[in-house]
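Heads up, the thing below is written out as structure tokens.
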Amino acid sequence: MQPTIVHVCRHGQVENPDHVLYGRLDGFGLSELGRRMAERLADHFADTPLARLATSPLQRARETLAPIAARHPDLEVTVEERLLEAENVFEGRSFGRYSQKLLNPAHWWHLRNPFKPSWGEPYPALAARVRAALDELAASVPAGGQALAVSHQLPIYVARLVAEGRGFVHNPAGRECRQASVTSFHYVEGRVVQVAYSEPCADLYPPKSRIFRPGM
């Protein structure tokens with residue numbers, strides 16, 4: 001049986017010179033590199049027989065989907081609130097390029113429980129809303145069809161953890177969900193049977209050390 005596939009793209013690089021943890025804030029669109037990443041994703045999916053398109057309401061996600069949607073002009077774009085970025089108490093703050101300001105003792109209370117996490121939306125609640133959105137996307141296309149959505153790193157990654165039967169405990173710096181990456185959920189009879197991951201923009205990534213930023 002041919003699986004139904006929901007491809008979930010993380011948005012491209014954001015214009016953020018002050019290193020703000022932007023979370024759900026308005027006004028953070030793609031950088032020039034981010035727009036190149038979005039165009040690369042459009043090339044990657046140009047010949048894919050997509051049946052549905054959906055996006056988080058945030059600007060960076062909508063801008064990432066725009067060139068993909070332009071290659072599939074017969075499809076309407078659904079703005080899906082459940083694909084929104086996770087809540088985060090640090091939203092709007094800047095901790096420096098390497099998040100060194102997180103070492104300030106004033107922030108320690110919010111970092112006390114990384115397993116919940118104590119700084120933001122609980123992982124189980126986040127995973128439940130994202131999985132519900134993806135399940136509905138899968139059910140809305142013909143069996144064996146394909147849909148595409150654009151979301152954010154943490155929502156995508158926790159949905160993958162659930163699909164693969166893994167626990168939520170993880171190192172945020174080690175999430176396999178880079179900018180403009182594609183995490184593909186394969187459904188058979190309404191159940192995820194496989195998750196695939198790819199990086200169509202791998203050659204565009206600038207050299208960068210892994211850093212810890214809550215909820216990014």
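Note on naming: chains are A, B, ... as they come in the structure tokens, residues start from 1 per chain, ligands start from 1 in the order shown.
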
Show me, as a PDB file with N, CA and C atoms, in the first residue's frame, the residues that have an atom within 9 Å of segment 189-203 of chain A when counting only C-alpha atoms, minus same-chain residues fewer than 3 positions from it.
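As written to disk, selection.pdb reads:
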```
ATOM      1  N   PRO A   3       1.992   4.781   0.943  1.00  0.00           N
ATOM      2  CA  PRO A   3       1.671   5.615   2.105  1.00  0.00           C
ATOM      3  C   PRO A   3       1.221   7.015   1.701  1.00  0.00           C
ATOM      4  N   THR A   4       0.434   7.605   2.551  1.00  0.00           N
ATOM      5  CA  THR A   4       0.133   9.036   2.454  1.00  0.00           C
ATOM      6  C   THR A   4       1.240   9.767   3.199  1.00  0.00           C
ATOM      7  N   ARG A  36      16.619  32.307  -0.092  1.00  0.00           N
ATOM      8  CA  ARG A  36      17.261  31.321  -0.979  1.00  0.00           C
ATOM      9  C   ARG A  36      16.878  29.907  -0.569  1.00  0.00           C
ATOM     10  N   MET A  37      16.809  29.678   0.739  1.00  0.00           N
ATOM     11  CA  MET A  37      16.391  28.362   1.231  1.00  0.00           C
ATOM     12  C   MET A  37      14.957  28.061   0.795  1.00  0.00           C
ATOM     13  N   ALA A  38      14.080  29.051   0.883  1.00  0.00           N
ATOM     14  CA  ALA A  38      12.686  28.849   0.485  1.00  0.00           C
ATOM     15  C   ALA A  38      12.593  28.517  -1.001  1.00  0.00           C
ATOM     16  N   ARG A  40      14.917  27.062  -2.722  1.00  0.00           N
ATOM     17  CA  ARG A  40      15.455  25.712  -2.871  1.00  0.00           C
ATOM     18  C   ARG A  40      14.375  24.673  -2.532  1.00  0.00           C
ATOM     19  N   LEU A  41      13.621  24.934  -1.480  1.00  0.00           N
ATOM     20  CA  LEU A  41      12.520  24.026  -1.149  1.00  0.00           C
ATOM     21  C   LEU A  41      11.491  23.985  -2.275  1.00  0.00           C
ATOM     22  N   HIS A  44      12.787  21.777  -4.820  1.00  0.00           N
ATOM     23  CA  HIS A  44      12.763  20.394  -4.339  1.00  0.00           C
ATOM     24  C   HIS A  44      11.378  19.765  -4.510  1.00  0.00           C
ATOM     25  N   ASP A 135      -2.240  14.820  11.450  1.00  0.00           N
ATOM     26  CA  ASP A 135      -3.182  13.716  11.204  1.00  0.00           C
ATOM     27  C   ASP A 135      -4.342  14.179  10.325  1.00  0.00           C
ATOM     28  N   ALA A 138      -3.167  14.587   6.744  1.00  0.00           N
ATOM     29  CA  ALA A 138      -3.049  13.277   6.094  1.00  0.00           C
ATOM     30  C   ALA A 138      -4.418  12.738   5.701  1.00  0.00           C
ATOM     31  N   ALA A 139      -5.403  12.923   6.568  1.00  0.00           N
ATOM     32  CA  ALA A 139      -6.743  12.404   6.294  1.00  0.00           C
ATOM     33  C   ALA A 139      -7.464  13.189   5.207  1.00  0.00           C
ATOM     34  N   ALA A 143      -5.763   8.651  -0.255  1.00  0.00           N
ATOM     35  CA  ALA A 143      -4.786   7.656   0.199  1.00  0.00           C
ATOM     36  C   ALA A 143      -3.649   7.566  -0.808  1.00  0.00           C
ATOM     37  N   ARG A 160       7.819  14.345  15.822  1.00  0.00           N
ATOM     38  CA  ARG A 160       8.609  13.206  15.353  1.00  0.00           C
ATOM     39  C   ARG A 160       8.930  12.248  16.501  1.00  0.00           C
ATOM     40  N   ALA A 163       5.954  10.125  17.063  1.00  0.00           N
ATOM     41  CA  ALA A 163       5.734   9.191  15.956  1.00  0.00           C
ATOM     42  C   ALA A 163       6.702   8.020  16.005  1.00  0.00           C
ATOM     43  N   GLU A 164       7.908   8.280  16.486  1.00  0.00           N
ATOM     44  CA  GLU A 164       8.927   7.227  16.546  1.00  0.00           C
ATOM     45  C   GLU A 164       8.938   6.502  17.888  1.00  0.00           C
ATOM     46  N   GLU A 176      17.481  17.082  15.323  1.00  0.00           N
ATOM     47  CA  GLU A 176      17.682  16.906  13.886  1.00  0.00           C
ATOM     48  C   GLU A 176      16.516  17.603  13.162  1.00  0.00           C
ATOM     49  N   CYS A 177      16.652  18.916  13.010  1.00  0.00           N
ATOM     50  CA  CYS A 177      15.601  19.703  12.366  1.00  0.00           C
ATOM     51  C   CYS A 177      16.191  21.059  12.009  1.00  0.00           C
ATOM     52  N   ARG A 178      17.079  21.068  11.042  1.00  0.00           N
ATOM     53  CA  ARG A 178      17.773  22.295  10.679  1.00  0.00           C
ATOM     54  C   ARG A 178      16.873  23.199   9.841  1.00  0.00           C
ATOM     55  N   GLN A 179      17.315  24.413   9.627  1.00  0.00           N
ATOM     56  CA  GLN A 179      16.527  25.374   8.856  1.00  0.00           C
ATOM     57  C   GLN A 179      16.224  24.835   7.453  1.00  0.00           C
ATOM     58  N   ALA A 180      14.963  24.987   7.049  1.00  0.00           N
ATOM     59  CA  ALA A 180      14.504  24.542   5.736  1.00  0.00           C
ATOM     60  C   ALA A 180      14.694  23.044   5.505  1.00  0.00           C
ATOM     61  N   SER A 181      14.756  22.283   6.591  1.00  0.00           N
ATOM     62  CA  SER A 181      14.805  20.825   6.465  1.00  0.00           C
ATOM     63  C   SER A 181      13.398  20.289   6.246  1.00  0.00           C
ATOM     64  N   VAL A 182      13.315  19.005   5.900  1.00  0.00           N
ATOM     65  CA  VAL A 182      12.026  18.372   5.622  1.00  0.00           C
ATOM     66  C   VAL A 182      11.918  17.097   6.460  1.00  0.00           C
ATOM     67  N   THR A 183      10.898  17.050   7.316  1.00  0.00           N
ATOM     68  CA  THR A 183      10.581  15.856   8.087  1.00  0.00           C
ATOM     69  C   THR A 183       9.284  15.299   7.522  1.00  0.00           C
ATOM     70  N   SER A 184       9.339  14.092   6.979  1.00  0.00           N
ATOM     71  CA  SER A 184       8.200  13.522   6.254  1.00  0.00           C
ATOM     72  C   SER A 184       7.568  12.388   7.048  1.00  0.00           C
ATOM     73  N   PHE A 185       6.287  12.549   7.365  1.00  0.00           N
ATOM     74  CA  PHE A 185       5.526  11.562   8.124  1.00  0.00           C
ATOM     75  C   PHE A 185       4.746  10.682   7.148  1.00  0.00           C
ATOM     76  N   HIS A 186       5.021   9.382   7.163  1.00  0.00           N
ATOM     77  CA  HIS A 186       4.378   8.429   6.258  1.00  0.00           C
ATOM     78  C   HIS A 186       3.232   7.737   6.993  1.00  0.00           C
ATOM     79  N   PRO A 206      25.378  28.042   6.777  1.00  0.00           N
ATOM     80  CA  PRO A 206      26.657  28.650   7.155  1.00  0.00           C
ATOM     81  C   PRO A 206      27.307  27.862   8.280  1.00  0.00           C
TER      82      PRO A 206
END
```

Among the residues of segment 18-92 of chain A, find those DSSP assigns to helix (DSSP H, G or I) from the backbone and print them as a PyMOL selection string.
-> chain A and resi 32-44+59-71+81-83

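Shortest atom-to-atom contact with Glu136 of chain A among A:Ala149, A:Val162, A:Ala70, A:Leu154: A:Ala149, counting only C-alpha atoms.
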
Identify, on the basis of only C-alpha atoms, every residue whose closest approach to Ala147 of chain A does not exceed 6 Å; exclude the query and any residue fewer than 2 positions from it along the same chain; express the result as number ranges by chain.
-> A: 6, 50-52

Next, write the just-selected residues to a file, as a compact mmCIF listing (two decimals), in the first residue's frame, keeping N, CA and C atoms as the atom set.
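Output file again.txt follows:
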```txt
# COMPACT_ATOMS: atom_id res chain seq x y z
N VAL A 6 2.92 13.38 4.71
CA VAL A 6 2.84 14.79 5.09
C VAL A 6 4.27 15.28 5.30
N LEU A 50 1.61 17.40 -4.84
CA LEU A 50 1.03 17.81 -3.57
C LEU A 50 -0.48 18.03 -3.71
N ALA A 51 -1.21 17.68 -2.66
CA ALA A 51 -2.66 17.85 -2.66
C ALA A 51 -3.13 18.88 -1.64
N ARG A 52 -2.28 19.22 -0.66
CA ARG A 52 -2.64 20.20 0.36
C ARG A 52 -1.39 21.00 0.75
```

Within 10 Å of Leu30 of chain A using only C-alpha atoms, minus same-chain residues under 2 positions, as a PyMOL selection string | chain A and resi 11-16+27-28+32-38+59-64

Keeping N, CA and C atoms, export the residues of the selection given above as a tab-separated table (two decimals), in the first residue's frame.
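Once written, again00.tsv looks like this:
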```tsv
chain	number	residue	atom	x	y	z
A	11	HIS	N	10.93	26.44	8.65
A	11	HIS	CA	11.15	27.69	7.91
A	11	HIS	C	12.63	27.94	7.67
A	12	GLY	N	12.93	28.83	6.74
A	12	GLY	CA	14.31	29.19	6.45
A	12	GLY	C	14.89	30.17	7.46
A	13	GLN	N	16.14	30.55	7.24
A	13	GLN	CA	16.84	31.44	8.17
A	13	GLN	C	16.09	32.77	8.30
A	14	VAL	N	16.06	33.29	9.53
A	14	VAL	CA	15.34	34.52	9.85
A	14	VAL	C	16.31	35.70	9.96
A	15	GLU	N	15.86	36.87	9.54
A	15	GLU	CA	16.64	38.10	9.72
A	15	GLU	C	16.54	38.49	11.19
A	16	ASN	N	17.64	38.31	11.92
A	16	ASN	CA	17.61	38.50	13.38
A	16	ASN	C	18.99	38.90	13.89
A	27	GLY	N	6.81	40.20	12.88
A	27	GLY	CA	7.86	41.05	12.32
A	27	GLY	C	9.20	40.38	12.10
A	28	PHE	N	9.28	39.08	12.22
A	28	PHE	CA	10.54	38.38	11.96
A	28	PHE	C	10.39	37.55	10.69
A	32	GLU	N	18.03	37.16	3.60
A	32	GLU	CA	18.32	36.87	2.19
A	32	GLU	C	18.64	35.38	2.01
A	33	LEU	N	19.43	34.83	2.93
A	33	LEU	CA	19.72	33.39	2.86
A	33	LEU	C	18.45	32.58	3.07
A	34	GLY	N	17.60	33.02	3.98
A	34	GLY	CA	16.34	32.31	4.20
A	34	GLY	C	15.47	32.27	2.96
A	35	ARG	N	15.48	33.35	2.20
A	35	ARG	CA	14.70	33.36	0.94
A	35	ARG	C	15.30	32.41	-0.09
A	36	ARG	N	16.62	32.31	-0.09
A	36	ARG	CA	17.26	31.32	-0.98
A	36	ARG	C	16.88	29.91	-0.57
A	37	MET	N	16.81	29.68	0.74
A	37	MET	CA	16.39	28.36	1.23
A	37	MET	C	14.96	28.06	0.79
A	38	ALA	N	14.08	29.05	0.88
A	38	ALA	CA	12.69	28.85	0.49
A	38	ALA	C	12.59	28.52	-1.00
A	59	GLN	N	5.12	34.90	10.24
A	59	GLN	CA	5.64	35.46	8.99
A	59	GLN	C	6.72	34.59	8.36
A	60	ARG	N	7.66	34.12	9.15
A	60	ARG	CA	8.77	33.35	8.59
A	60	ARG	C	8.30	32.05	7.95
A	61	ALA	N	7.25	31.46	8.51
A	61	ALA	CA	6.70	30.24	7.93
A	61	ALA	C	5.96	30.54	6.63
A	62	ARG	N	5.16	31.60	6.63
A	62	ARG	CA	4.40	31.95	5.43
A	62	ARG	C	5.33	32.33	4.29
A	63	GLU	N	6.42	33.03	4.61
A	63	GLU	CA	7.37	33.41	3.56
A	63	GLU	C	8.11	32.19	3.02
A	64	THR	N	8.32	31.19	3.86
A	64	THR	CA	8.97	29.96	3.39
A	64	THR	C	8.05	29.20	2.46
```

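As for atom CA of Pro155 of chain A and atom CA of Arg82 of chain A, they are spaced 9.2 Å apart.
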
Those in segment 108-183 of chain A with strand (DSSP E) from DSSP, as a list in words | Gln146, Ala147, Leu148, Ala149, Val150, Ser151, Val182 and Thr183 of chain A

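Near Leu148 of chain A, within a cut-off of 8 Å and counting only C-alpha atoms, sit the residues Val6, His7, Val8, Cys9, Leu50, Arg52, Leu53, Ala54, Gln146 and Val150 of chain A, with same-chain residues fewer than 2 positions away left out.
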
For the selection just defined, write its residues with N, CA and C atoms to a file, as a PDB file, in the first residue's frame.
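See out_20.pdb below for the written result:
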```pdb
ATOM      1  N   VAL A   6       2.923  13.377   4.712  1.00  0.00           N
ATOM      2  CA  VAL A   6       2.842  14.790   5.086  1.00  0.00           C
ATOM      3  C   VAL A   6       4.268  15.283   5.301  1.00  0.00           C
ATOM      4  N   HIS A   7       4.737  16.121   4.390  1.00  0.00           N
ATOM      5  CA  HIS A   7       6.064  16.713   4.501  1.00  0.00           C
ATOM      6  C   HIS A   7       5.961  17.967   5.361  1.00  0.00           C
ATOM      7  N   VAL A   8       6.778  18.062   6.399  1.00  0.00           N
ATOM      8  CA  VAL A   8       6.756  19.237   7.272  1.00  0.00           C
ATOM      9  C   VAL A   8       8.117  19.932   7.186  1.00  0.00           C
ATOM     10  N   CYS A   9       8.108  21.110   6.610  1.00  0.00           N
ATOM     11  CA  CYS A   9       9.344  21.877   6.438  1.00  0.00           C
ATOM     12  C   CYS A   9       9.517  22.847   7.605  1.00  0.00           C
ATOM     13  N   LEU A  50       1.607  17.403  -4.837  1.00  0.00           N
ATOM     14  CA  LEU A  50       1.028  17.811  -3.568  1.00  0.00           C
ATOM     15  C   LEU A  50      -0.479  18.031  -3.706  1.00  0.00           C
ATOM     16  N   ARG A  52      -2.284  19.224  -0.658  1.00  0.00           N
ATOM     17  CA  ARG A  52      -2.639  20.205   0.363  1.00  0.00           C
ATOM     18  C   ARG A  52      -1.394  21.001   0.749  1.00  0.00           C
ATOM     19  N   LEU A  53      -1.607  22.275   1.094  1.00  0.00           N
ATOM     20  CA  LEU A  53      -0.553  23.135   1.608  1.00  0.00           C
ATOM     21  C   LEU A  53      -1.053  23.808   2.875  1.00  0.00           C
ATOM     22  N   ALA A  54      -0.214  23.838   3.908  1.00  0.00           N
ATOM     23  CA  ALA A  54      -0.596  24.479   5.165  1.00  0.00           C
ATOM     24  C   ALA A  54       0.636  25.133   5.779  1.00  0.00           C
ATOM     25  N   GLN A 146       0.005  13.303  -1.077  1.00  0.00           N
ATOM     26  CA  GLN A 146       1.030  14.013  -0.309  1.00  0.00           C
ATOM     27  C   GLN A 146       0.556  15.422   0.037  1.00  0.00           C
ATOM     28  N   VAL A 150       4.470  23.990   6.674  1.00  0.00           N
ATOM     29  CA  VAL A 150       5.657  24.679   7.185  1.00  0.00           C
ATOM     30  C   VAL A 150       5.414  25.030   8.647  1.00  0.00           C
TER      31      VAL A 150
END
```

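The smallest atom-to-atom distance between Gln2 of chain A and any of A:Asp26, A:Pro122, A:Tyr187, A:Pro172, using only C-alpha atoms, is found for A:Tyr187.
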